[in-house]
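Structure file entry35.cif (mmCIF, C-alpha atoms) is printed below.
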```
data_entry
loop_
_atom_site.label_atom_id
_atom_site.label_comp_id
_atom_site.auth_asym_id
_atom_site.auth_seq_id
_atom_site.Cartn_x
_atom_site.Cartn_y
_atom_site.Cartn_z
CA MET D 1 42.60 7.94 -16.93
CA SER D 2 39.06 7.48 -15.64
CA GLU D 3 39.53 10.58 -13.47
CA THR D 4 40.10 12.62 -16.63
CA VAL D 5 36.92 11.26 -18.18
CA VAL D 6 34.88 12.16 -15.12
CA THR D 7 36.06 15.76 -15.01
CA ASP D 8 35.15 16.22 -18.70
CA ILE D 9 31.47 15.56 -18.06
CA LYS D 10 29.27 18.62 -17.88
CA PRO D 11 26.05 17.42 -16.22
CA PHE D 12 22.83 19.21 -17.10
CA SER D 13 21.96 21.81 -14.46
CA ARG D 14 18.50 21.87 -12.88
CA VAL D 15 17.58 24.62 -15.32
CA GLN D 16 18.85 22.62 -18.29
CA MET D 17 16.95 19.53 -17.15
CA ALA D 18 13.75 21.59 -17.00
CA GLN D 19 14.57 23.10 -20.40
CA ASN D 20 15.16 19.64 -21.88
CA ALA D 21 11.73 18.49 -20.77
CA ALA D 22 10.02 21.77 -21.72
CA ALA D 23 11.41 21.56 -25.26
CA ASP D 24 9.59 18.24 -25.78
CA ILE D 25 6.11 19.47 -24.78
CA PRO D 26 4.07 20.41 -27.85
CA GLU D 27 1.41 23.11 -28.06
CA GLY D 28 -2.04 21.96 -27.01
CA TRP D 29 -1.05 19.46 -24.34
CA TYR D 30 -2.71 19.47 -20.91
CA VAL D 31 0.12 18.98 -18.43
CA ASN D 32 0.46 18.44 -14.67
CA LEU D 33 3.86 19.21 -13.17
CA GLY D 34 4.69 17.52 -9.87
CA ILE D 35 5.83 19.37 -6.78
CA GLY D 36 9.56 20.12 -6.66
CA MET D 37 11.90 20.02 -9.66
CA PRO D 38 9.21 19.45 -12.32
CA THR D 39 7.46 22.73 -11.42
CA ALA D 40 10.32 24.66 -13.08
CA ILE D 41 9.48 23.16 -16.49
CA ALA D 42 6.65 25.69 -16.89
CA ASP D 43 9.18 28.53 -16.84
CA TRP D 44 10.71 27.24 -20.08
CA VAL D 45 7.57 26.80 -22.17
CA PRO D 46 7.21 30.09 -24.07
CA ALA D 47 3.81 31.79 -23.61
CA GLU D 48 3.16 31.73 -27.36
CA ARG D 49 3.30 27.92 -27.27
CA GLU D 50 -0.04 27.28 -25.58
CA VAL D 51 0.43 24.46 -23.08
CA ILE D 52 -2.28 24.25 -20.42
CA PHE D 53 -1.01 23.52 -16.93
CA HIS D 54 -3.18 21.70 -14.40
CA SER D 55 -2.88 21.60 -10.63
CA GLU D 56 -4.54 18.88 -8.55
CA ASN D 57 -6.45 21.35 -6.38
CA GLY D 58 -8.81 22.25 -9.22
CA VAL D 59 -6.79 24.79 -11.19
CA LEU D 60 -6.59 24.44 -14.99
CA GLY D 61 -4.71 27.02 -17.02
CA MET D 62 -2.10 28.09 -14.45
CA GLY D 63 0.14 30.98 -15.37
CA PRO D 64 3.47 32.03 -13.88
CA ALA D 65 4.01 32.95 -10.23
CA PRO D 66 2.52 36.37 -9.35
CA GLU D 67 4.50 39.52 -8.66
CA LYS D 68 4.78 40.12 -4.91
CA ASP D 69 2.34 43.04 -5.02
CA SER D 70 -0.36 41.22 -6.98
CA ILE D 71 -0.81 37.98 -5.03
CA GLU D 72 -4.33 36.52 -5.09
CA PRO D 73 -4.63 34.87 -1.66
CA TRP D 74 -7.31 32.43 -2.88
CA LEU D 75 -5.25 31.02 -5.72
CA ILE D 76 -2.63 28.41 -4.88
CA ASN D 77 -1.28 25.30 -6.59
CA ALA D 78 -0.85 21.78 -5.24
CA GLY D 79 2.52 22.80 -3.79
CA LYS D 80 0.63 25.50 -1.86
CA GLN D 81 2.46 28.27 -3.71
CA TYR D 82 0.63 31.34 -5.00
CA VAL D 83 -0.02 31.13 -8.74
CA THR D 84 -1.88 33.04 -11.46
CA LEU D 85 -4.58 31.99 -13.90
CA ARG D 86 -4.12 32.63 -17.60
CA ALA D 87 -7.00 34.02 -19.67
CA GLY D 88 -9.12 30.93 -20.33
CA GLY D 89 -8.16 29.35 -17.01
CA SER D 90 -10.83 27.63 -14.95
CA ILE D 91 -11.56 26.29 -11.48
CA CYS D 92 -13.25 23.03 -10.54
CA HIS D 93 -13.67 20.96 -7.40
CA HIS D 94 -11.29 18.22 -6.30
CA ALA D 95 -13.26 15.25 -7.65
CA ASP D 96 -13.57 16.89 -11.09
CA SER D 97 -9.91 17.87 -10.98
CA PHE D 98 -8.94 14.27 -10.29
CA SER D 99 -11.35 13.11 -12.99
CA MET D 100 -9.11 14.99 -15.40
CA ILE D 101 -6.24 12.89 -14.04
CA ARG D 102 -7.91 9.52 -13.46
CA GLY D 103 -10.10 9.73 -16.55
CA GLY D 104 -7.05 9.88 -18.81
CA HIS D 105 -7.55 13.48 -19.95
CA LEU D 106 -4.08 14.79 -19.11
CA ASP D 107 -1.61 14.42 -21.97
CA LEU D 108 1.37 14.46 -19.65
CA CYS D 109 2.43 14.39 -16.05
CA VAL D 110 6.01 15.02 -14.97
CA LEU D 111 6.97 13.77 -11.52
CA GLY D 112 10.13 13.59 -9.45
CA ALA D 113 11.14 10.11 -8.28
CA PHE D 114 13.37 8.14 -5.95
CA GLN D 115 13.67 5.27 -8.44
CA VAL D 116 12.49 4.30 -11.91
CA ALA D 117 12.77 0.70 -13.18
CA ASP D 118 13.36 -0.27 -16.81
CA ASN D 119 9.85 -1.73 -17.01
CA GLY D 120 8.44 1.73 -16.19
CA ASP D 121 7.77 1.19 -12.48
CA ILE D 122 8.06 4.37 -10.41
CA ALA D 123 8.76 4.79 -6.70
CA ASN D 124 8.38 8.37 -5.50
CA TRP D 125 6.35 8.55 -2.30
CA ALA D 126 7.95 6.53 0.49
CA THR D 127 11.50 5.46 1.19
CA SER D 128 10.69 2.36 3.22
CA GLU D 129 7.86 -0.05 3.89
CA ASN D 130 7.82 1.29 7.45
CA ASP D 131 7.83 5.01 6.71
CA THR D 132 6.42 6.58 9.86
CA ALA D 133 3.70 8.56 8.11
CA PRO D 134 4.04 8.30 4.35
CA ALA D 135 2.42 11.07 2.31
CA VAL D 136 1.15 10.00 -1.08
CA GLY D 137 -0.86 13.07 -2.12
CA GLY D 138 -1.91 12.79 -5.77
CA ALA D 139 1.14 10.89 -7.03
CA MET D 140 -0.58 7.51 -7.47
CA ASP D 141 -3.51 9.11 -9.29
CA LEU D 142 -1.17 11.01 -11.61
CA ALA D 143 1.10 8.05 -12.33
CA ALA D 144 -1.78 5.69 -13.06
CA GLY D 145 -4.05 8.18 -14.80
CA ALA D 146 -2.14 10.53 -17.11
CA LYS D 147 -1.77 9.52 -20.77
CA ARG D 148 2.00 9.63 -20.37
CA LEU D 149 4.33 9.97 -17.42
CA TRP D 150 7.79 11.50 -17.54
CA VAL D 151 10.19 11.71 -14.64
CA LEU D 152 12.64 14.52 -13.88
CA MET D 153 15.30 13.48 -11.37
CA ASP D 154 19.03 13.23 -10.73
CA HIS D 155 20.64 10.19 -12.34
CA THR D 156 22.01 8.90 -9.05
CA THR D 157 21.48 9.55 -5.36
CA LYS D 158 23.76 11.96 -3.51
CA ASP D 159 26.02 9.04 -2.55
CA GLY D 160 26.17 7.84 -6.17
CA SER D 161 23.70 4.95 -6.06
CA PRO D 162 21.77 4.44 -9.30
CA LYS D 163 18.17 5.62 -9.40
CA LEU D 164 17.52 3.94 -12.76
CA VAL D 165 17.19 0.35 -11.68
CA THR D 166 16.07 -3.11 -12.76
CA ARG D 167 13.64 -3.26 -9.86
CA CYS D 168 12.50 -0.55 -7.47
CA THR D 169 13.40 -1.30 -3.87
CA TYR D 170 11.22 1.49 -2.50
CA PRO D 171 7.42 1.14 -2.32
CA LEU D 172 5.87 1.62 -5.77
CA THR D 173 3.77 4.61 -6.74
CA ALA D 174 2.52 2.77 -9.81
CA PRO D 175 3.77 -0.09 -12.00
CA ALA D 176 4.85 0.13 -15.66
CA CYS D 177 3.87 3.72 -16.43
CA VAL D 178 7.02 5.88 -16.91
CA ARG D 179 7.68 6.68 -20.56
CA ARG D 180 10.72 8.96 -20.34
CA VAL D 181 13.27 10.09 -17.75
CA TYR D 182 15.16 13.40 -17.82
CA THR D 183 18.23 13.27 -15.59
CA ASN D 184 21.25 15.49 -15.06
CA LEU D 185 23.26 13.04 -17.20
CA ALA D 186 20.89 11.88 -19.94
CA THR D 187 17.41 11.71 -21.39
CA ILE D 188 16.20 8.13 -21.52
CA ASP D 189 13.07 6.55 -22.98
CA VAL D 190 11.40 3.61 -21.28
CA THR D 191 10.47 1.18 -24.03
CA GLU D 192 9.60 -2.49 -24.45
CA ARG D 193 13.36 -3.08 -24.77
CA GLY D 194 13.99 -1.24 -21.49
CA PHE D 195 15.95 2.01 -21.11
CA VAL D 196 16.90 3.59 -24.43
CA VAL D 197 19.26 6.59 -24.33
CA ARG D 198 17.97 9.55 -26.35
CA ALA D 199 20.55 12.16 -25.36
CA MET D 200 23.49 12.55 -22.99
CA ALA D 201 25.05 15.48 -21.15
CA PRO D 202 28.13 16.98 -22.86
CA GLY D 203 31.19 14.78 -22.34
CA MET D 204 29.17 11.77 -21.17
CA THR D 205 29.90 8.43 -22.83
CA PHE D 206 27.51 5.52 -23.11
CA GLU D 207 29.87 3.32 -21.07
CA ASN D 208 30.18 5.91 -18.33
CA LEU D 209 26.40 6.38 -18.23
CA GLN D 210 25.93 2.61 -18.00
CA ALA D 211 28.35 2.53 -15.06
CA ARG D 212 26.03 4.91 -13.19
CA THR D 213 22.88 2.99 -14.07
CA ASP D 214 21.72 -0.24 -12.44
CA ALA D 215 19.59 -1.45 -15.38
CA LYS D 216 20.92 -2.18 -18.84
CA LEU D 217 20.93 0.76 -21.24
CA HIS D 218 20.27 0.52 -24.95
CA ILE D 219 21.44 2.80 -27.75
CA ALA D 220 18.62 4.41 -29.72
CA ALA D 221 18.13 2.55 -32.99
CA MET C 1 -39.99 29.76 5.21
CA ILE C 2 -36.80 27.81 4.83
CA ASN C 3 -33.89 29.48 6.56
CA LYS C 4 -30.70 27.46 6.94
CA ILE C 5 -28.77 30.46 8.19
CA VAL C 6 -28.19 30.23 11.92
CA GLN C 7 -27.10 33.02 14.24
CA SER C 8 -24.53 31.32 16.46
CA MET C 9 -21.78 28.72 16.37
CA ALA C 10 -23.49 26.80 19.19
CA GLU C 11 -26.66 26.50 17.12
CA LEU C 12 -24.64 25.46 14.07
CA MET C 13 -22.85 22.69 16.00
CA THR C 14 -25.98 21.23 17.63
CA GLY C 15 -26.23 17.44 17.49
CA ILE C 16 -22.65 16.40 16.69
CA LYS C 17 -22.19 13.08 18.47
CA ASP C 18 -19.11 11.35 19.83
CA GLY C 19 -17.71 8.86 17.33
CA SER C 20 -18.84 10.87 14.29
CA THR C 21 -17.03 10.76 10.98
CA VAL C 22 -16.25 14.37 10.06
CA LEU C 23 -15.33 15.35 6.50
CA LEU C 24 -13.36 18.59 6.16
CA GLY C 25 -13.06 20.82 3.11
CA GLY C 26 -9.86 22.71 2.47
CA PHE C 27 -6.53 22.36 0.74
CA GLY C 28 -3.65 24.15 2.34
CA SER C 29 -5.24 27.01 4.25
CA VAL C 30 -7.42 27.99 1.31
CA GLY C 31 -11.09 27.12 1.60
CA GLN C 32 -10.53 25.50 4.98
CA PRO C 33 -13.41 25.97 7.44
CA ASN C 34 -11.22 27.06 10.34
CA ALA C 35 -14.00 28.76 12.29
CA LEU C 36 -16.03 25.55 12.17
CA ILE C 37 -13.09 23.46 13.38
CA ASP C 38 -12.78 25.88 16.31
CA GLY C 39 -16.53 25.48 16.82
CA LEU C 40 -16.12 21.71 16.90
CA ILE C 41 -13.32 22.07 19.48
CA GLU C 42 -15.68 24.16 21.60
CA GLN C 43 -18.62 21.79 21.05
CA GLY C 44 -16.76 18.90 22.64
CA ALA C 45 -17.46 15.81 20.51
CA LYS C 46 -14.73 13.18 20.82
CA ASP C 47 -13.62 9.83 19.39
CA LEU C 48 -13.92 11.42 15.97
CA VAL C 49 -12.82 10.07 12.60
CA VAL C 50 -11.64 13.02 10.49
CA ALA C 51 -11.17 12.88 6.73
CA CYS C 52 -9.41 15.68 4.88
CA ASN C 53 -6.41 16.15 2.63
CA ASN C 54 -3.85 17.12 5.29
CA ALA C 55 -3.40 16.28 8.95
CA GLY C 56 -3.20 19.79 10.34
CA ALA C 57 -0.35 22.22 10.95
CA GLY C 58 1.00 23.98 14.01
CA HIS C 59 -1.18 23.85 17.10
CA VAL C 60 -4.38 25.38 15.72
CA GLY C 61 -7.49 24.11 13.96
CA LEU C 62 -7.37 20.41 13.15
CA ALA C 63 -3.98 20.06 14.87
CA ARG C 64 -5.51 21.50 18.05
CA LEU C 65 -8.48 19.11 17.83
CA MET C 66 -6.02 16.21 17.56
CA GLU C 67 -3.82 17.58 20.34
CA LEU C 68 -6.85 17.60 22.64
CA GLY C 69 -7.19 13.85 22.05
CA ARG C 70 -10.52 14.17 20.26
CA VAL C 71 -9.57 12.43 17.02
CA ARG C 72 -9.38 8.64 17.00
CA LYS C 73 -8.46 8.28 13.34
CA ILE C 74 -7.45 10.48 10.46
CA ILE C 75 -8.08 9.64 6.81
CA CYS C 76 -5.93 11.77 4.50
CA SER C 77 -3.62 11.78 1.49
CA PHE C 78 -0.82 13.93 2.85
CA PRO C 79 -0.20 13.88 6.62
CA ARG C 80 2.82 16.13 6.19
CA SER C 81 2.61 19.91 6.24
CA SER C 82 4.92 22.81 6.96
CA ASP C 83 4.52 22.05 10.66
CA PRO C 84 3.00 18.57 11.25
CA VAL C 85 4.33 18.26 14.80
CA VAL C 86 1.04 17.40 16.51
CA PHE C 87 0.09 14.63 14.09
CA GLU C 88 3.58 13.13 14.04
CA THR C 89 3.87 13.11 17.81
CA LEU C 90 0.49 11.41 18.25
CA TYR C 91 1.15 8.96 15.44
CA ARG C 92 4.55 7.89 16.79
CA ALA C 93 3.02 7.42 20.22
CA GLY C 94 0.31 5.19 18.72
CA LYS C 95 -2.38 7.60 19.86
CA ILE C 96 -4.00 8.16 16.47
CA GLU C 97 -4.87 5.84 13.60
CA LEU C 98 -3.90 6.81 10.09
CA GLU C 99 -5.49 5.73 6.83
CA ILE C 100 -3.52 7.01 3.85
CA VAL C 101 -5.62 7.43 0.72
CA PRO C 102 -4.46 8.70 -2.69
CA GLN C 103 -5.82 12.21 -3.10
CA GLY C 104 -8.02 11.43 -6.10
CA THR C 105 -9.38 8.33 -4.43
CA LEU C 106 -10.19 10.42 -1.34
CA ALA C 107 -12.15 12.96 -3.42
CA GLU C 108 -13.89 10.22 -5.42
CA ARG C 109 -14.82 8.28 -2.29
CA MET C 110 -16.60 11.41 -1.04
CA ARG C 111 -18.30 12.05 -4.37
CA ALA C 112 -19.38 8.40 -4.55
CA ALA C 113 -20.91 8.66 -1.07
CA GLY C 114 -22.83 11.74 -2.15
CA ALA C 115 -24.00 10.08 -5.34
CA GLY C 116 -25.26 6.87 -3.75
CA VAL C 117 -22.42 4.81 -5.23
CA PRO C 118 -21.30 2.42 -2.46
CA ALA C 119 -17.94 1.52 -4.02
CA PHE C 120 -16.09 1.94 -7.31
CA PHE C 121 -13.18 0.47 -9.23
CA THR C 122 -10.08 2.58 -9.89
CA ALA C 123 -6.62 2.02 -11.38
CA THR C 124 -5.05 4.32 -8.79
CA GLY C 125 -3.04 2.27 -6.30
CA VAL C 126 -2.98 -0.96 -8.31
CA GLY C 127 0.36 -2.70 -7.85
CA THR C 128 1.15 -0.70 -4.70
CA LYS C 129 0.65 -1.30 -1.02
CA MET C 130 -2.65 0.63 -1.28
CA ALA C 131 -4.04 -2.40 -3.11
CA VAL C 132 -3.27 -4.91 -0.36
CA GLY C 133 -6.45 -6.63 0.83
CA LYS C 134 -8.68 -4.92 -1.74
CA GLU C 135 -10.81 -6.66 -4.34
CA HIS C 136 -9.13 -6.68 -7.79
CA ARG C 137 -11.05 -6.87 -11.05
CA GLU C 138 -9.88 -6.87 -14.66
CA ILE C 139 -12.12 -4.79 -16.89
CA ASP C 140 -11.35 -4.46 -20.61
CA GLY C 141 -7.81 -5.70 -20.05
CA ARG C 142 -6.85 -3.37 -17.20
CA THR C 143 -6.70 -4.19 -13.51
CA TYR C 144 -8.61 -2.10 -10.98
CA ILE C 145 -9.13 -2.16 -7.23
CA LEU C 146 -12.38 -1.62 -5.38
CA GLU C 147 -12.58 1.46 -3.18
CA GLN C 148 -15.42 2.18 -0.74
CA ALA C 149 -17.50 5.34 -0.61
CA LEU C 150 -16.65 7.62 2.33
CA LYS C 151 -19.74 9.03 4.03
CA GLY C 152 -19.60 11.79 6.57
CA ASP C 153 -21.87 12.09 9.57
CA ILE C 154 -20.77 15.71 9.60
CA GLY C 155 -19.33 17.83 6.76
CA LEU C 156 -17.54 21.11 7.46
CA VAL C 157 -17.42 23.45 4.47
CA GLU C 158 -16.14 26.91 3.70
CA ALA C 159 -18.10 28.87 1.08
CA TRP C 160 -17.66 32.30 -0.46
CA GLU C 161 -21.38 33.10 -0.77
CA ALA C 162 -24.49 31.45 0.63
CA ASP C 163 -28.22 32.19 0.71
CA ARG C 164 -30.91 31.04 3.15
CA TRP C 165 -31.64 27.91 1.07
CA GLY C 166 -27.99 26.89 1.47
CA ASN C 167 -26.95 27.49 -2.14
CA LEU C 168 -23.19 28.00 -2.23
CA THR C 169 -20.42 29.48 -4.33
CA TYR C 170 -16.70 29.22 -3.67
CA ARG C 171 -13.73 31.45 -4.39
CA LEU C 172 -10.98 30.17 -6.73
CA ALA C 173 -8.84 27.42 -5.17
CA GLY C 174 -11.05 27.66 -2.07
CA ARG C 175 -13.46 25.29 -3.82
CA ASN C 176 -11.21 22.17 -3.57
CA PHE C 177 -12.86 19.40 -1.50
CA ASN C 178 -15.76 21.55 -0.26
CA PRO C 179 -18.43 20.55 -2.84
CA VAL C 180 -17.79 16.81 -2.39
CA VAL C 181 -17.71 17.17 1.40
CA ALA C 182 -21.11 18.89 1.19
CA MET C 183 -22.69 16.14 -0.88
CA ALA C 184 -21.13 13.26 1.08
CA SER C 185 -22.24 14.32 4.57
CA ALA C 186 -25.47 13.61 6.41
CA LEU C 187 -25.23 16.96 8.24
CA THR C 188 -23.42 19.63 6.22
CA LEU C 189 -22.38 22.74 8.14
CA VAL C 190 -21.11 25.77 6.28
CA GLN C 191 -19.21 28.92 7.14
CA THR C 192 -19.59 31.59 4.48
CA GLN C 193 -17.79 34.86 3.81
CA HIS C 194 -20.90 36.49 2.34
CA VAL C 195 -24.64 36.03 2.85
CA ARG C 196 -26.79 36.83 -0.19
CA GLU C 197 -30.54 37.36 -0.52
CA LEU C 198 -32.42 34.45 -2.06
CA GLY C 199 -32.25 34.89 -5.83
CA GLN C 200 -29.20 37.12 -5.69
CA ILE C 201 -26.77 34.38 -6.69
CA ASP C 202 -27.02 33.65 -10.42
CA PRO C 203 -28.41 30.09 -10.68
CA ASP C 204 -25.71 29.29 -13.25
CA HIS C 205 -23.04 30.25 -10.72
CA ILE C 206 -24.26 28.14 -7.80
CA VAL C 207 -21.72 25.33 -7.35
CA THR C 208 -23.33 23.50 -4.44
CA PRO C 209 -27.14 23.56 -4.54
CA GLY C 210 -28.80 23.92 -1.14
CA ILE C 211 -30.09 20.35 -1.13
CA PHE C 212 -26.60 19.32 0.03
CA VAL C 213 -26.49 21.90 2.84
CA ASP C 214 -28.11 21.88 6.30
CA ARG C 215 -26.90 24.93 8.23
CA VAL C 216 -24.96 28.08 7.38
CA LEU C 217 -23.12 30.56 9.60
CA HIS C 218 -21.87 33.95 8.43
CA VAL C 219 -18.10 34.13 9.15
CA PRO C 220 -16.67 37.09 7.23
CA TYR C 221 -13.01 36.70 8.19
CA GLY C 222 -11.45 38.03 4.98
CA ASP C 223 -8.59 36.42 3.10
CA PRO C 224 -6.72 33.28 4.10
CA SER C 225 -3.14 33.82 5.17
CA GLY C 226 -0.19 31.48 5.52
CA PHE C 227 -0.17 27.76 5.22
#
```
This entry written out as structure tokens:
Amino acid sequence: MSETVVTDIKPFSRVQMAQNAAADIPEGWYVNLGIGMPTAIADWVPAEREVIFHSENGVLGMGPAPEKDSIEPWLINAGKQYVTLRAGGSICHHADSFSMIRGGHLDLCVLGAFQVADNGDIANWATSENDTAPAVGGAMDLAAGAKRLWVLMDHTTKDGSPKLVTRCTYPLTAPACVRRVYTNLATIDVTERGFVVRAMAPGMTFENLQARTDAKLHIAA
Amino acid sequence: MINKIVQSMAELMTGIKDGSTVLLGGFGSVGQPNALIDGLIEQGAKDLVVACNNAGAGHVGLARLMELGRVRKIICSFPRSSDPVVFETLYRAGKIELEIVPQGTLAERMRAAGAGVPAFFTATGVGTKMAVGKEHREIDGRTYILEQALKGDIGLVEAWEADRWGNLTYRLAGRNFNPVVAMASALTLVQTQHVRELGQIDPDHIVTPGIFVDRVLHVPYGDPSGF
């Protein structure tokens, strides 16, 4: 019986996860998208909805990736990929760029994560206390500094362990800052009550979602 | 007449002592003063503390300096790169110290040094292992940790344009850490793609005023390539 239920679930694809997040970003927001899965969100914000994308290395107003024959070798993003600048885009130095982050000027940051706890803790930079050479980059600045933090990640690890937990076991990036999580199975708000389910992938039931989640889930009121 | 433009790498590198703290501009390979790092390799100073965003890639530039055993400690936010083999080998062997600093804290520590601010409170790192052993203070209901300014004995900078007073501009994402490296360092050494006559750079376009710059070398290598 449970086998049947499992096969009926149609998890959100990577593209759909990015689309889900992109649909919730209103015009006028200043947004930083983390390296990896979150970067794809920009592809699903239509150009006529003016959302201004920021990159940690001093780029504000990033446009889409360039065509191969029109690469500007002096213009990269924090993931060290070539990017473009939209009309109205600007360049600043690293301390000013991080002032935008740390000074609370960004409306939104979307990061990937290893774990998110139901009090909003995020762990996304090291997988053990003894990581040989952990690389934090700008993640702690973004998590602590942006007005709101969303996470885009798979609901469980590859071996099925929950990534939405009561307490992060990996080293924290920042405490109590995640406001929403977009996974391949659901979209979940982090509230004072804990995790509140906003939406689920087609075929997913609340009970089944709970079974794949370490922390208690709540139904949206 | 003030003329900060020097004619040779040897002249540019004069006076770098063993044990110096060296701040490096650059993010990825864009705006990274590679010629100056090669100059430092040639110059010979050792027991260096190097602060920059990454810990070098491949076996060139900063990675080469480390491979030669000249770097005692690296201060960076992201020791990984596409090819971090030199750093990782040295680190595993216990032959190099590592201080991991959140990227914004790294930039702000340099700016603070340049601005005469000895330390500052920040929310970045609170509640994480970055906060261990640091002074905590609650201000207006939020907890912050105290971070120290990061002064350079030497700053290595890549500019797009420079004049003989040391006024600098940068090109696009090549700006990155370079302006804060320039202001945070006691001896700021610059490689520039273009040399301009005094007065030729629009004063409104100068990003780093020459007061932060000591010596400039013309290194017109063209565009950065690869990471």
Would you kindly translate the PyMOL selection byres ((chain D) within 9 of (chain C)) into the concrete residues it picks from this file, as a PDB file with C-alpha atoms, in the coordinates of the input?
```pdb
ATOM      1  CA  GLU D  56      -4.540  18.880  -8.550  1.00  0.00           C
ATOM      2  CA  ASN D  57      -6.450  21.350  -6.380  1.00  0.00           C
ATOM      3  CA  GLY D  58      -8.810  22.250  -9.220  1.00  0.00           C
ATOM      4  CA  VAL D  59      -6.790  24.790 -11.190  1.00  0.00           C
ATOM      5  CA  PRO D  73      -4.630  34.870  -1.660  1.00  0.00           C
ATOM      6  CA  TRP D  74      -7.310  32.430  -2.880  1.00  0.00           C
ATOM      7  CA  LEU D  75      -5.250  31.020  -5.720  1.00  0.00           C
ATOM      8  CA  ILE D  76      -2.630  28.410  -4.880  1.00  0.00           C
ATOM      9  CA  ASN D  77      -1.280  25.300  -6.590  1.00  0.00           C
ATOM     10  CA  ALA D  78      -0.850  21.780  -5.240  1.00  0.00           C
ATOM     11  CA  GLY D  79       2.520  22.800  -3.790  1.00  0.00           C
ATOM     12  CA  LYS D  80       0.630  25.500  -1.860  1.00  0.00           C
ATOM     13  CA  SER D  90     -10.830  27.630 -14.950  1.00  0.00           C
ATOM     14  CA  ILE D  91     -11.560  26.290 -11.480  1.00  0.00           C
ATOM     15  CA  CYS D  92     -13.250  23.030 -10.540  1.00  0.00           C
ATOM     16  CA  HIS D  93     -13.670  20.960  -7.400  1.00  0.00           C
ATOM     17  CA  HIS D  94     -11.290  18.220  -6.300  1.00  0.00           C
ATOM     18  CA  ALA D  95     -13.260  15.250  -7.650  1.00  0.00           C
ATOM     19  CA  ASP D  96     -13.570  16.890 -11.090  1.00  0.00           C
ATOM     20  CA  SER D  97      -9.910  17.870 -10.980  1.00  0.00           C
ATOM     21  CA  PHE D  98      -8.940  14.270 -10.290  1.00  0.00           C
ATOM     22  CA  SER D  99     -11.350  13.110 -12.990  1.00  0.00           C
ATOM     23  CA  ILE D 101      -6.240  12.890 -14.040  1.00  0.00           C
ATOM     24  CA  ARG D 102      -7.910   9.520 -13.460  1.00  0.00           C
ATOM     25  CA  GLU D 129       7.860  -0.050   3.890  1.00  0.00           C
ATOM     26  CA  THR D 132       6.420   6.580   9.860  1.00  0.00           C
ATOM     27  CA  ALA D 133       3.700   8.560   8.110  1.00  0.00           C
ATOM     28  CA  PRO D 134       4.040   8.300   4.350  1.00  0.00           C
ATOM     29  CA  ALA D 135       2.420  11.070   2.310  1.00  0.00           C
ATOM     30  CA  VAL D 136       1.150  10.000  -1.080  1.00  0.00           C
ATOM     31  CA  GLY D 137      -0.860  13.070  -2.120  1.00  0.00           C
ATOM     32  CA  GLY D 138      -1.910  12.790  -5.770  1.00  0.00           C
ATOM     33  CA  ALA D 139       1.140  10.890  -7.030  1.00  0.00           C
ATOM     34  CA  MET D 140      -0.580   7.510  -7.470  1.00  0.00           C
ATOM     35  CA  ASP D 141      -3.510   9.110  -9.290  1.00  0.00           C
ATOM     36  CA  LEU D 142      -1.170  11.010 -11.610  1.00  0.00           C
ATOM     37  CA  ALA D 143       1.100   8.050 -12.330  1.00  0.00           C
ATOM     38  CA  ALA D 144      -1.780   5.690 -13.060  1.00  0.00           C
ATOM     39  CA  GLY D 145      -4.050   8.180 -14.800  1.00  0.00           C
ATOM     40  CA  PRO D 171       7.420   1.140  -2.320  1.00  0.00           C
ATOM     41  CA  LEU D 172       5.870   1.620  -5.770  1.00  0.00           C
ATOM     42  CA  THR D 173       3.770   4.610  -6.740  1.00  0.00           C
ATOM     43  CA  ALA D 174       2.520   2.770  -9.810  1.00  0.00           C
ATOM     44  CA  PRO D 175       3.770  -0.090 -12.000  1.00  0.00           C
TER      45      PRO D 175
END
```
Distance atom CA of Asp43 of chain D-atom CA of Arg180 of chain D, one decimal place?
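Those two atoms sit 19.9 Å apart.
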Once 4 Å is added on each side, what are the centre and the three edge lengths, in Å to one decimal, of the axis-aligned box enclosing the listed atoms of segment 99-109 of chain D? Present them as lines of an AutoDock Vina configuration file.
```
center_x = -4.5
center_y = 12.3
center_z = -17.5
size_x = 21.8
size_y = 13.5
size_z = 17.0
```
Given the file shown, enumerate the residues that the PyMOL selection byres ((chain C and resi 36) around 9) captures and present them as a compact mmCIF listing (two decimals) with C-alpha atoms, in the coordinates of the input.
```
# COMPACT_ATOMS: atom_id res chain seq x y z
CA MET C 9 -21.78 28.72 16.37
CA LEU C 12 -24.64 25.46 14.07
CA MET C 13 -22.85 22.69 16.00
CA PRO C 33 -13.41 25.97 7.44
CA ASN C 34 -11.22 27.06 10.34
CA ALA C 35 -14.00 28.76 12.29
CA ILE C 37 -13.09 23.46 13.38
CA ASP C 38 -12.78 25.88 16.31
CA GLY C 39 -16.53 25.48 16.82
CA LEU C 40 -16.12 21.71 16.90
CA ILE C 41 -13.32 22.07 19.48
CA GLY C 61 -7.49 24.11 13.96
CA LEU C 156 -17.54 21.11 7.46
CA VAL C 157 -17.42 23.45 4.47
CA GLU C 158 -16.14 26.91 3.70
CA LEU C 189 -22.38 22.74 8.14
CA VAL C 190 -21.11 25.77 6.28
CA GLN C 191 -19.21 28.92 7.14
```
Once the PyMOL selection byres ((chain C and resi 3) around 7) has been applied to the shown file, what residues remain in the selection, as a PyMOL selection string?
chain C and resi 1-2+4-5+164-165
If we count only C-alpha atoms, what is near Asn20 of chain D at a cut-off of 10 Å, once residues fewer than 2 positions away on the same chain are taken out, given as an MDAnalysis selection string?
chainID D and resid 12 14:18 22:25 41 44 152 182:183 186:187 199
